[in-house]
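So this one's final_16.txt, compact mmCIF, C-alpha atoms and all ligand atoms:
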```
# COMPACT_ATOMS: atom_id res chain seq x y z
CA MET A 1 75.98 225.98 198.01
CA GLN A 2 79.74 226.12 198.29
CA TYR A 3 81.42 228.55 200.69
CA ARG A 4 84.87 230.10 200.60
CA LYS A 5 86.92 231.18 203.59
CA LEU A 6 88.05 234.78 203.83
CA GLU A 7 91.12 233.91 205.89
CA LYS A 8 92.00 237.57 206.49
CA LEU A 9 88.59 238.26 208.04
CA GLY A 10 87.91 234.89 209.64
CA ILE A 11 84.52 234.51 207.94
CA GLU A 12 82.95 232.41 205.18
CA CYS A 13 80.95 233.66 202.22
CA SER A 14 78.84 231.79 199.71
CA ILE A 15 80.63 231.58 196.37
CA PHE A 16 77.39 232.91 194.77
CA GLY A 17 76.51 236.45 195.80
CA ILE A 18 73.42 238.25 194.58
CA GLY A 19 74.05 241.51 192.74
CA CYS A 20 71.09 243.84 193.23
CA MET A 21 71.60 245.86 190.07
CA ARG A 22 69.34 243.81 187.83
CA LEU A 23 66.29 243.05 189.97
CA PRO A 24 62.95 242.20 188.31
CA LEU A 25 61.13 245.30 187.06
CA LEU A 26 57.53 246.44 186.58
CA ALA A 27 56.44 247.91 183.27
CA ASN A 28 55.26 251.54 183.20
CA PRO A 29 51.58 252.13 182.30
CA ASP A 30 52.64 252.81 178.66
CA GLY A 31 54.50 249.47 178.51
CA SER A 32 57.99 251.00 178.66
CA ILE A 33 60.49 249.82 181.25
CA SER A 34 62.49 252.05 183.57
CA SER A 35 65.09 250.59 185.86
CA ASP A 36 63.84 252.41 188.98
CA ARG A 37 60.50 250.51 189.06
CA ILE A 38 61.44 247.31 190.89
CA ASP A 39 58.86 244.55 191.12
CA GLU A 40 59.17 244.60 194.92
CA PRO A 41 57.21 241.48 195.93
CA GLU A 42 59.07 239.38 193.35
CA ALA A 43 62.47 240.87 194.19
CA ILE A 44 61.90 240.25 197.92
CA ARG A 45 60.72 236.71 197.21
CA MET A 46 63.84 236.03 195.13
CA LEU A 47 66.29 237.50 197.65
CA ARG A 48 64.78 235.53 200.53
CA TYR A 49 64.67 232.37 198.40
CA ALA A 50 68.39 232.83 197.64
CA ILE A 51 69.20 233.28 201.33
CA ASP A 52 67.05 230.29 202.30
CA HIS A 53 69.12 228.27 199.80
CA GLY A 54 72.48 229.26 201.20
CA VAL A 55 73.41 232.64 199.65
CA ASN A 56 74.91 234.85 202.35
CA TYR A 57 76.40 237.72 200.33
CA ILE A 58 74.19 240.54 199.02
CA ASP A 59 75.65 243.37 196.94
CA THR A 60 73.95 246.69 196.26
CA ALA A 61 75.00 250.31 195.74
CA TYR A 62 73.75 253.84 196.29
CA GLY A 63 72.77 254.35 192.66
CA TYR A 64 71.36 250.99 191.53
CA HIS A 65 67.78 251.10 190.22
CA GLY A 66 67.74 254.89 190.51
CA GLY A 67 68.51 254.67 194.24
CA ASN A 68 65.76 252.12 194.95
CA SER A 69 67.94 249.01 195.20
CA GLU A 70 69.18 249.84 198.70
CA ARG A 71 65.58 250.54 199.86
CA LEU A 72 64.43 247.21 198.42
CA VAL A 73 67.30 245.32 200.03
CA GLY A 74 66.44 246.97 203.37
CA LYS A 75 62.88 245.61 203.06
CA ALA A 76 64.00 242.15 201.92
CA LEU A 77 66.36 241.80 204.87
CA LYS A 78 63.64 242.35 207.49
CA ASP A 79 62.10 239.44 209.42
CA GLY A 80 65.47 238.03 210.52
CA TYR A 81 67.16 237.96 207.12
CA ARG A 82 69.66 240.76 207.89
CA GLU A 83 71.50 238.58 210.40
CA LYS A 84 71.87 235.78 207.85
CA VAL A 85 73.90 237.75 205.31
CA LYS A 86 76.97 239.85 204.71
CA LEU A 87 75.65 243.07 203.23
CA ALA A 88 77.79 245.02 200.77
CA THR A 89 77.08 248.51 199.49
CA LYS A 90 79.15 251.25 197.94
CA LEU A 91 80.05 254.85 198.52
CA PRO A 92 79.27 256.87 195.38
CA VAL A 93 82.65 258.61 195.35
CA TRP A 94 81.53 260.99 192.59
CA LYS A 95 78.92 262.49 194.95
CA ALA A 96 81.46 263.36 197.67
CA ASN A 97 82.96 266.84 197.48
CA THR A 98 83.98 267.35 201.10
CA TYR A 99 85.17 265.09 203.91
CA GLU A 100 81.79 265.57 205.64
CA ASP A 101 80.02 264.15 202.57
CA PHE A 102 81.45 260.68 203.32
CA ASP A 103 79.55 260.60 206.63
CA MET A 104 76.42 262.09 205.12
CA LEU A 105 76.30 259.47 202.35
CA LEU A 106 76.97 256.52 204.66
CA ASN A 107 74.27 257.70 207.09
CA GLU A 108 71.78 258.02 204.24
CA GLN A 109 72.63 254.48 203.11
CA LEU A 110 72.31 253.02 206.61
CA SER A 111 68.89 254.61 206.83
CA LYS A 112 67.75 253.35 203.40
CA LEU A 113 69.03 249.86 204.19
CA GLU A 114 67.36 250.02 207.64
CA THR A 115 70.47 248.63 209.30
CA GLU A 116 72.95 249.72 211.97
CA TYR A 117 76.01 248.60 210.03
CA ILE A 118 77.26 247.64 206.59
CA ASP A 119 79.45 244.53 206.39
CA PHE A 120 81.40 245.42 203.24
CA TYR A 121 81.59 249.12 202.39
CA LEU A 122 83.21 249.74 199.03
CA LEU A 123 84.46 252.85 197.32
CA HIS A 124 82.42 252.52 194.13
CA ALA A 125 83.96 252.07 190.67
CA LEU A 126 87.41 253.48 191.39
CA ASN A 127 89.55 254.57 188.48
CA LYS A 128 92.72 256.64 188.50
CA ALA A 129 90.92 259.99 188.68
CA SER A 130 88.30 259.08 191.30
CA TRP A 131 90.90 257.25 193.42
CA GLU A 132 93.22 260.27 193.48
CA LYS A 133 90.28 262.56 194.26
CA VAL A 134 89.04 260.66 197.32
CA ARG A 135 92.52 259.72 198.51
CA ASP A 136 93.43 263.41 198.58
CA MET A 137 90.16 264.16 200.41
CA GLY A 138 91.24 261.84 203.25
CA ILE A 139 89.07 258.80 202.49
CA LEU A 140 91.56 256.34 203.99
CA ASP A 141 91.43 258.02 207.42
CA TRP A 142 87.65 258.20 207.13
CA LEU A 143 87.40 254.47 206.35
CA LYS A 144 89.48 253.68 209.45
CA ASP A 145 87.14 255.82 211.58
CA ALA A 146 84.00 254.29 210.06
CA ARG A 147 85.43 250.83 210.69
CA SER A 148 86.36 251.51 214.30
CA SER A 149 82.98 253.14 215.01
CA GLY A 150 81.31 249.89 213.86
CA ARG A 151 79.20 251.53 211.15
CA ILE A 152 81.12 249.48 208.63
CA ARG A 153 82.81 246.15 209.34
CA TYR A 154 85.11 245.87 206.34
CA ALA A 155 86.51 248.40 203.89
CA GLY A 156 86.94 247.69 200.21
CA PHE A 157 86.68 249.13 196.74
CA SER A 158 85.28 248.19 193.35
CA PHE A 159 87.38 248.88 190.35
CA HIS A 160 87.27 249.80 186.64
CA ASP A 161 90.66 250.78 185.23
CA GLU A 162 93.99 249.27 184.21
CA PHE A 163 96.06 246.84 186.28
CA GLU A 164 98.74 249.43 187.16
CA VAL A 165 96.09 251.61 188.84
CA PHE A 166 94.66 248.55 190.60
CA LYS A 167 98.10 247.67 191.99
CA GLU A 168 98.61 251.23 193.22
CA ILE A 169 95.27 251.17 195.07
CA VAL A 170 95.82 247.67 196.51
CA ASP A 171 99.22 248.74 197.86
CA ALA A 172 97.93 251.98 199.38
CA PHE A 173 95.79 250.60 202.25
CA ASP A 174 95.04 247.60 204.40
CA TRP A 175 91.96 246.63 202.35
CA ASP A 176 89.58 243.95 203.64
CA MET A 177 88.41 243.06 200.12
CA CYS A 178 88.08 244.31 196.57
CA GLN A 179 85.64 243.81 193.70
CA ILE A 180 86.74 243.47 190.07
CA GLN A 181 85.09 242.84 186.70
CA LEU A 182 86.16 239.45 185.37
CA ASN A 183 84.80 236.99 182.85
CA ILE A 184 86.06 234.84 179.99
CA LEU A 185 86.41 237.82 177.68
CA ASP A 186 87.93 240.20 180.22
CA ALA A 187 90.75 237.92 181.38
CA ASP A 188 93.36 240.48 180.41
CA LYS A 189 91.27 243.64 180.63
CA GLN A 190 90.97 246.04 183.61
CA ALA A 191 92.44 244.37 186.73
CA GLY A 192 92.17 241.02 184.90
CA VAL A 193 93.47 237.65 186.03
CA ILE A 194 96.77 239.29 186.90
CA GLY A 195 94.93 241.61 189.32
CA LEU A 196 93.00 238.70 190.80
CA LYS A 197 96.25 236.87 191.48
CA TYR A 198 97.96 239.99 192.80
CA ALA A 199 95.21 240.68 195.34
CA GLY A 200 95.11 236.98 196.20
CA SER A 201 98.86 236.95 196.85
CA LYS A 202 98.32 239.71 199.41
CA GLY A 203 95.51 237.79 201.09
CA ILE A 204 92.84 240.25 199.93
CA PRO A 205 89.50 238.53 199.22
CA VAL A 206 88.30 239.21 195.66
CA VAL A 207 84.64 239.52 194.67
CA ILE A 208 83.82 239.20 190.96
CA MET A 209 81.28 241.33 189.11
CA GLU A 210 79.85 240.94 185.58
CA PRO A 211 80.72 237.22 185.35
CA LEU A 212 78.35 236.83 182.38
CA ARG A 213 79.27 240.21 180.86
CA GLY A 214 75.94 241.52 182.08
CA GLY A 215 74.11 238.47 180.69
CA LYS A 216 75.67 238.44 177.22
CA PHE A 217 77.19 234.96 177.66
CA ALA A 218 73.70 233.50 178.10
CA ALA A 219 72.37 234.19 174.59
CA VAL A 220 75.01 232.61 172.37
CA THR A 221 75.24 232.27 168.60
CA GLU A 222 75.16 228.78 167.01
CA ASP A 223 78.92 228.60 166.41
CA ILE A 224 79.69 229.37 170.06
CA LYS A 225 77.08 226.83 171.20
CA GLU A 226 78.62 224.16 168.95
CA LEU A 227 82.06 224.85 170.35
CA TRP A 228 80.89 224.56 173.96
CA ASN A 229 79.19 221.29 173.03
CA GLN A 230 82.54 219.77 172.09
CA ALA A 231 83.14 219.31 175.84
CA GLU A 232 82.85 215.79 177.18
CA THR A 233 80.49 216.93 179.94
CA LYS A 234 77.75 219.13 178.48
CA ARG A 235 77.06 222.39 180.29
CA SER A 236 75.16 225.56 179.42
CA PRO A 237 77.22 228.61 178.34
CA VAL A 238 76.20 230.27 181.63
CA GLU A 239 77.58 227.34 183.61
CA TRP A 240 80.87 227.43 181.66
CA ALA A 241 81.24 231.14 182.33
CA PHE A 242 80.76 230.66 186.08
CA ARG A 243 82.89 227.51 186.08
CA TRP A 244 85.87 229.33 184.57
CA LEU A 245 85.66 231.80 187.46
CA TYR A 246 85.07 229.50 190.42
CA ASN A 247 87.97 227.37 189.22
CA PHE A 248 90.30 230.15 190.52
CA PRO A 249 91.08 229.57 194.22
CA GLU A 250 91.61 233.36 194.59
CA VAL A 251 87.93 234.05 193.74
CA THR A 252 85.93 234.50 196.94
CA VAL A 253 82.46 235.49 195.75
CA ILE A 254 80.95 235.62 192.25
CA LEU A 255 78.19 238.19 192.02
CA SER A 256 75.43 237.68 189.55
CA GLY A 257 72.46 239.93 188.99
CA VAL A 258 69.43 237.71 188.51
CA SER A 259 66.30 239.10 186.89
CA THR A 260 64.03 236.06 187.20
CA MET A 261 63.37 233.22 189.62
CA GLU A 262 64.39 230.74 186.88
CA GLN A 263 67.81 232.36 186.55
CA LEU A 264 68.23 232.33 190.32
CA GLN A 265 67.34 228.63 190.55
CA ASP A 266 69.66 227.81 187.66
CA ASN A 267 72.55 229.64 189.33
CA LEU A 268 71.87 228.01 192.71
CA ARG A 269 72.15 224.64 190.96
CA ILE A 270 75.39 225.64 189.21
CA PHE A 271 77.03 226.86 192.42
CA GLU A 272 76.30 223.63 194.29
CA ASN A 273 79.51 222.17 192.86
CA ALA A 274 81.58 225.32 192.55
CA LEU A 275 84.93 223.95 193.66
CA PRO A 276 88.32 225.58 193.08
CA ASP A 277 90.80 223.88 190.72
CA CYS A 278 88.04 221.71 189.27
CA MET A 279 88.65 222.26 185.56
CA THR A 280 90.54 219.74 183.45
CA GLN A 281 93.19 220.84 180.95
CA ASP A 282 90.80 219.90 178.11
CA GLU A 283 88.16 222.19 179.60
CA LEU A 284 90.62 225.05 179.97
CA ASP A 285 91.72 224.54 176.36
CA LEU A 286 88.09 224.67 175.27
CA VAL A 287 87.62 228.00 177.07
CA GLU A 288 90.62 229.33 175.11
CA LYS A 289 88.98 228.24 171.85
CA VAL A 290 85.69 229.90 172.79
CA ARG A 291 87.51 233.07 173.77
CA ALA A 292 89.37 233.07 170.43
CA LEU A 293 86.10 232.63 168.54
CA TYR A 294 84.49 235.50 170.43
CA GLU A 295 87.55 237.67 169.84
CA SER A 296 87.61 236.86 166.13
CA LYS A 297 84.23 238.57 165.93
CA THR A 298 85.61 241.81 167.36
CA ARG A 299 85.53 244.40 164.59
CA VAL A 300 87.61 247.17 166.19
CA ARG A 301 90.55 246.60 168.56
CA CYS A 302 89.51 249.57 170.71
CA THR A 303 90.44 249.26 174.39
CA ALA A 304 88.39 252.35 175.37
CA CYS A 305 91.53 254.08 176.68
CA GLU A 306 89.91 257.38 175.56
CA TYR A 307 93.17 258.87 174.27
CA CYS A 308 91.09 259.90 171.22
CA LEU A 309 88.84 262.10 173.36
CA PRO A 310 87.63 264.77 173.43
CA CYS A 311 86.67 264.67 169.76
CA PRO A 312 86.39 268.28 168.49
CA ASN A 313 82.94 267.47 167.12
CA GLY A 314 81.77 265.45 170.13
CA VAL A 315 81.79 261.99 168.50
CA SER A 316 81.61 259.27 171.15
CA ILE A 317 84.40 257.22 169.55
CA PRO A 318 84.95 254.47 172.19
CA GLY A 319 81.19 254.40 172.87
CA ILE A 320 80.42 253.69 169.19
CA PHE A 321 83.13 251.03 168.92
CA GLY A 322 81.83 249.44 172.13
CA ILE A 323 78.32 249.06 170.64
CA TYR A 324 79.70 247.88 167.29
CA ASN A 325 81.93 245.23 168.91
CA ASP A 326 79.13 244.04 171.19
CA ALA A 327 76.81 243.70 168.21
CA SER A 328 79.33 241.76 166.13
CA THR A 329 80.47 239.56 169.03
CA PHE A 330 77.13 238.65 170.56
CA GLY A 331 74.83 239.16 167.53
CA ILE A 332 73.02 242.41 166.77
CA LYS A 333 70.02 243.01 169.07
CA ASP A 334 67.46 245.77 169.66
CA GLY A 335 69.55 246.98 172.60
CA HIS A 336 72.50 247.82 170.32
CA ILE A 337 70.27 249.80 167.95
CA LYS A 338 68.69 251.67 170.88
CA ARG A 339 72.10 252.55 172.34
CA TYR A 340 73.23 253.86 168.95
CA LYS A 341 69.98 255.81 168.41
CA LYS A 342 70.62 257.54 171.73
CA LEU A 343 74.01 258.73 170.41
CA ILE A 344 72.32 259.92 167.19
CA ASN A 345 69.81 261.93 169.25
CA GLU A 346 72.69 263.47 171.20
CA ASN A 347 74.63 264.29 167.97
CA ARG A 348 77.48 262.07 169.17
CA ASP A 349 77.13 259.32 166.54
CA ALA A 350 79.62 258.45 163.79
CA SER A 351 77.94 260.66 161.17
CA GLN A 352 79.19 263.69 163.15
CA CYS A 353 82.81 262.83 162.27
CA ILE A 354 84.47 265.72 160.37
CA GLU A 355 87.48 263.55 159.42
CA CYS A 356 90.02 265.89 161.04
CA GLY A 357 92.13 262.85 161.99
CA ASN A 358 93.12 264.17 165.46
CA CYS A 359 92.01 260.89 166.99
CA GLU A 360 94.00 258.68 164.61
CA SER A 361 97.24 260.50 165.41
CA VAL A 362 96.95 259.65 169.12
CA CYS A 363 95.32 256.18 169.07
CA PRO A 364 97.77 253.76 170.77
CA GLN A 365 96.14 250.85 168.88
CA HIS A 366 96.67 252.61 165.50
CA ILE A 367 93.02 252.11 164.55
CA ASP A 368 91.78 253.60 161.28
CA ILE A 369 89.16 255.42 163.29
CA ILE A 370 87.60 257.41 160.45
CA ASP A 371 86.95 254.32 158.31
CA LYS A 372 85.85 252.19 161.26
CA LEU A 373 83.35 254.87 162.34
CA LYS A 374 81.79 254.78 158.86
CA GLU A 375 81.61 250.97 158.99
CA ALA A 376 79.99 251.03 162.44
CA HIS A 377 77.44 253.65 161.38
CA LYS A 378 76.45 251.59 158.32
CA ILE A 379 75.91 248.38 160.34
CA LEU A 380 74.13 250.06 163.25
CA THR A 381 71.71 252.05 161.09
CA GLU A 382 70.88 249.47 158.42
N1 LIG B 1 80.91 248.05 191.42
C1 LIG B 1 80.69 248.22 190.18
O1 LIG B 1 81.24 249.09 189.52
C2 LIG B 1 79.72 247.26 189.53
C3 LIG B 1 79.53 247.26 188.15
C4 LIG B 1 78.72 246.29 187.62
C5 LIG B 1 78.10 245.37 188.45
N2 LIG B 1 78.28 245.39 189.80
C6 LIG B 1 77.65 244.42 190.71
O2 LIG B 1 77.97 243.12 190.27
C7 LIG B 1 76.75 242.39 190.10
C8 LIG B 1 76.97 241.34 189.05
O3 LIG B 1 77.14 241.93 187.77
P1 LIG B 1 76.07 241.63 186.68
O4 LIG B 1 74.70 241.85 187.24
O5 LIG B 1 76.48 242.39 185.48
O6 LIG B 1 76.25 240.04 186.49
P2 LIG B 1 76.13 239.11 185.24
O7 LIG B 1 75.95 237.76 185.81
O8 LIG B 1 77.26 239.35 184.30
O9 LIG B 1 74.81 239.57 184.48
C9 LIG B 1 73.55 239.41 185.07
C10 LIG B 1 72.55 239.12 183.99
O10 LIG B 1 72.85 237.86 183.42
C11 LIG B 1 71.68 237.19 183.04
N3 LIG B 1 71.64 235.92 183.79
C12 LIG B 1 72.01 235.67 185.09
N4 LIG B 1 71.87 234.37 185.38
C13 LIG B 1 71.41 233.76 184.27
C14 LIG B 1 71.05 232.43 183.94
N5 LIG B 1 71.17 231.44 184.82
N6 LIG B 1 70.61 232.18 182.68
C15 LIG B 1 70.49 233.16 181.76
N7 LIG B 1 70.82 234.45 182.02
C16 LIG B 1 71.26 234.74 183.25
C17 LIG B 1 70.52 238.12 183.36
O11 LIG B 1 70.35 238.97 182.24
P3 LIG B 1 68.92 239.13 181.47
O12 LIG B 1 67.90 239.28 182.51
O13 LIG B 1 69.15 240.32 180.60
O14 LIG B 1 68.75 237.89 180.69
C18 LIG B 1 71.11 238.96 184.48
O15 LIG B 1 70.47 240.19 184.63
C19 LIG B 1 75.72 243.47 189.77
O16 LIG B 1 74.41 243.02 189.92
C20 LIG B 1 76.13 244.52 190.76
O17 LIG B 1 75.65 244.18 192.05
C21 LIG B 1 79.10 246.32 190.32
```

Translate the structure described by the file into structure tokens.
Amino acid sequence: MQYRKLEKLGIECSIFGIGCMRLPLLANPDGSISSDRIDEPEAIRMLRYAIDHGVNYIDTAYGYHGGNSERLVGKALKDGYREKVKLATKLPVWKANTYEDFDMLLNEQLSKLETEYIDFYLLHALNKASWEKVRDMGILDWLKDARSSGRIRYAGFSFHDEFEVFKEIVDAFDWDMCQIQLNILDADKQAGVIGLKYAGSKGIPVVIMEPLRGGKFAAVTEDIKELWNQAETKRSPVEWAFRWLYNFPEVTVILSGVSTMEQLQDNLRIFENALPDCMTQDELDLVEKVRALYESKTRVRCTACEYCLPCPNGVSIPGIFGIYNDASTFGIKDGHIKRYKKLINENRDASQCIECGNCESVCPQHIDIIDKLKEAHKILTE
């Protein structure tokens, strides 16, 4: 395992951190799967195995696995494991309506995690609206208090919005760390590489989430596989995706949710040699080619800015384009059909479009939304 120094905090973290949002699950008696039924013995075995093999960063959150992730992590970290790791969890900012709620939520989390303190306490999934809400509720003063009382060691935030919002948040407080979504396809989306470098320039440690786009980089189509195989040194698509990230010296920890012991062992192997600045120019050029091939499969240039919403007839425009693009980029799978069926059941699918054109007049990407909705509906229902 490789470790990276968090100079600002005077500690070291393993470059591979375990994200506890995709733990192994048990099937319901009828064979269906629900994310709140964690396979506890297997999840505990995997977490302890990871720690025994050098992982010292564990990431969870109030809401993961229907609230059961924190409980599971609390159990896994018994028997001396708590002291071996830096534990990160997140304040569900959407659940806080008063200043007192911050304390109430943290206390509940400490109790579920069966610990006296949280190492990294993050404001969860900040965007412009949620940031302004909690800032105006006094969250920054509260974080200082929680830090000085010892209930949290370090204060941070996780982020899902545009770079300008990220910069505003970074500049607003003496953050101990931040967590951003970054992977080969999101290099210039959300905070992006520019955000990574900006935080890095201010000495703020950056933790990466969704390095495999939630697993999508693992199951690749033949053309993508062939392209990766043009590299002199052969690596799996998963290894390339991680490699592109750990190559950045500003990346401190890469979180990956692992659902099986095989995935965990594979990732432990990959992170043995996770050195910064390790990629050759040829390798970086190859990543550009793979990115271009993925992007050529994108059917709609929607950035999910949501300017088109609300649709007067409730059509989930960015949601539909998200499913359509995922299906065309990564190959259509049952999951895409299920996600679209859910929208049909909620009367928010593309067939609900009344062709008023309100959305097209405000779309900053000038997308022919009406036609693209029809196209998406055809592909996702055929
Ligand atoms: N703060 C936030 O707003 C936020 C948002 C998202 C995530 N997070 C955190 O960030 C963590 C990381 O994100 P993520 O879980 O989306 O990470 P990810 O690495 O992009 O996706 C994890 C998935 O990738 C697949 N996978 C992992 N290793 C693999 C391997 N060696 N071979 C093949 N497939 C592999 C598995 O999917 P399958 O089992 O489906 O094959 C696994 O569930 C989360 O677990 C969570 O802790 C935070």

**From A:Thr115, A:Thr89, A:Thr233, A:Asn28, residue lying nearest ligand LIG 1 (chain B) [all atoms listed in the file]** =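 Among the listed residues, the smallest separation from ligand LIG 1 (chain B) belongs to A:Thr89.
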
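Nearest to ligand LIG 1 (chain B) of all the residues A:Asp371, A:Glu262, A:Glu100, A:Glu250 is A:Glu262, counting all atoms listed in the file.
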
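Between CA of Ser328 (chain A) and CA of Leu182 (chain A) there is a distance of 20.5 Å.
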
**Request:** Residues up to 7 Å from ligand LIG 1 (chain B), counting only C-alpha atoms and all ligand atoms: could you list those as a PyMOL selection string?
**Result:** chain A and resi 18-22+59-60+124-125+158-160+179+209-216+218+238+255-260+263-264+266-267

Please, could you write that set of residues out with C-alpha atoms as a compact mmCIF listing (two decimals), keeping the file's coordinate frame?
```
# COMPACT_ATOMS: atom_id res chain seq x y z
CA ILE A 18 73.42 238.25 194.58
CA GLY A 19 74.05 241.51 192.74
CA CYS A 20 71.09 243.84 193.23
CA MET A 21 71.60 245.86 190.07
CA ARG A 22 69.34 243.81 187.83
CA ASP A 59 75.65 243.37 196.94
CA THR A 60 73.95 246.69 196.26
CA HIS A 124 82.42 252.52 194.13
CA ALA A 125 83.96 252.07 190.67
CA SER A 158 85.28 248.19 193.35
CA PHE A 159 87.38 248.88 190.35
CA HIS A 160 87.27 249.80 186.64
CA GLN A 179 85.64 243.81 193.70
CA MET A 209 81.28 241.33 189.11
CA GLU A 210 79.85 240.94 185.58
CA PRO A 211 80.72 237.22 185.35
CA LEU A 212 78.35 236.83 182.38
CA ARG A 213 79.27 240.21 180.86
CA GLY A 214 75.94 241.52 182.08
CA GLY A 215 74.11 238.47 180.69
CA LYS A 216 75.67 238.44 177.22
CA ALA A 218 73.70 233.50 178.10
CA VAL A 238 76.20 230.27 181.63
CA LEU A 255 78.19 238.19 192.02
CA SER A 256 75.43 237.68 189.55
CA GLY A 257 72.46 239.93 188.99
CA VAL A 258 69.43 237.71 188.51
CA SER A 259 66.30 239.10 186.89
CA THR A 260 64.03 236.06 187.20
CA GLN A 263 67.81 232.36 186.55
CA LEU A 264 68.23 232.33 190.32
CA ASP A 266 69.66 227.81 187.66
CA ASN A 267 72.55 229.64 189.33
```

**Within 9 Å of file point (75.8, 229.3, 202.3), counting only C-alpha atoms, expressed as a PyMOL selection string** = chain A and resi 1-3+12-16+51-57

**Request:** Give me the residues within 7 Å of Cys178 (chain A) as a ChimeraX atom specification, counting all atoms listed in the file and dropping any in the same chain fewer than 4 places off.
**Result:** /A:156-158,205-207

**Complete:** Computed gap from CA of Leu25 (chain A) to CA of Lys84 (chain A) is 25.3 Å

**A:Glu114, A:Val165, A:Thr98, A:Ala155 ranked by distance to Val134 (chain A), top pick (using all atoms listed in the file)** = A:Thr98

**Complete:** One decimal place gives the CA of Ser32 (chain A)-CA of Ser69 (chain A) separation as 19.4 Å

**Item:** Residue nearest Glu306 (chain A) - candidates A:Asp188, A:Ile337, A:Leu343, A:Pro364, atoms counted: all atoms listed in the file
**Value:**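 Once distances to Glu306 (chain A) are computed over all atoms listed in the file, the minimum belongs to A:Pro364.
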
**Request:** Select, counting only C-alpha atoms, all protein, DNA and RNA residues no farther than 6 Å from (62.3, 231.1, 194.3) in file coordinates, and express the selection as a list in words.
**Result:** Met46, Tyr49 and Met261 of chain A

So which residues touch Thr298 (chain A) within 9 Å, counting all atoms listed in the file, skipping near sequence neighbours fewer than 4 positions away, as a compact mmCIF listing (two decimals) with C-alpha atoms, in the frame of the given file?
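For reference, selection.txt as written:
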```
# COMPACT_ATOMS: atom_id res chain seq x y z
CA TYR A 294 84.49 235.50 170.43
CA TYR A 324 79.70 247.88 167.29
CA ASN A 325 81.93 245.23 168.91
CA ASP A 326 79.13 244.04 171.19
CA SER A 328 79.33 241.76 166.13
CA THR A 329 80.47 239.56 169.03
```

**Item:** Residues within 10 Å of Ile139 (chain A), all atoms listed in the file, excluding chain neighbours under 5 positions, as a list in words
**Value:**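 Using all atoms listed in the file, the neighbours found are Val93, Tyr99, Phe102, Leu123, Trp131, Lys133, Val134, Lys144 and Asp145 of chain A.
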
**Residue with smallest distance to Arg291 (chain A) - pool A:Tyr121, A:Arg37, A:Trp244, A:Pro276, counting all atoms listed in the file** =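 That would be A:Trp244, the residue with the smallest distance to Arg291 (chain A).
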
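Once Arg348 (chain A) and its same-chain neighbours fewer than 2 positions away are set aside, Gly314, Val315, Ser316, Leu343, Ile344 and Glu346 of chain A remain within 6 Å of it when counting only C-alpha atoms.
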
**Asked** From the list A:Asp136, A:Glu283, A:Glu360, A:Glu42, which residue is nearest Leu309 (chain A) when using only C-alpha atoms?
**Response**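 Smallest distance to Leu309 (chain A) is found for A:Glu360.
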
**Request:** Name all residues at most 12 Å from Glu288 (chain A) (count all atoms listed in the file; drop same-chain ones fewer than 2 positions away) and give them as an MDAnalysis selection string.
**Result:** chainID A and resid 184:185 187 227:228 240:241 244 281:286 290:295

Create the file for the chosen residues now, containing C-alpha atoms and written as a compact mmCIF listing (two decimals), in the coordinates of the input.
```txt
# COMPACT_ATOMS: atom_id res chain seq x y z
CA ILE A 184 86.06 234.84 179.99
CA LEU A 185 86.41 237.82 177.68
CA ALA A 187 90.75 237.92 181.38
CA LEU A 227 82.06 224.85 170.35
CA TRP A 228 80.89 224.56 173.96
CA TRP A 240 80.87 227.43 181.66
CA ALA A 241 81.24 231.14 182.33
CA TRP A 244 85.87 229.33 184.57
CA GLN A 281 93.19 220.84 180.95
CA ASP A 282 90.80 219.90 178.11
CA GLU A 283 88.16 222.19 179.60
CA LEU A 284 90.62 225.05 179.97
CA ASP A 285 91.72 224.54 176.36
CA LEU A 286 88.09 224.67 175.27
CA VAL A 290 85.69 229.90 172.79
CA ARG A 291 87.51 233.07 173.77
CA ALA A 292 89.37 233.07 170.43
CA LEU A 293 86.10 232.63 168.54
CA TYR A 294 84.49 235.50 170.43
CA GLU A 295 87.55 237.67 169.84
```
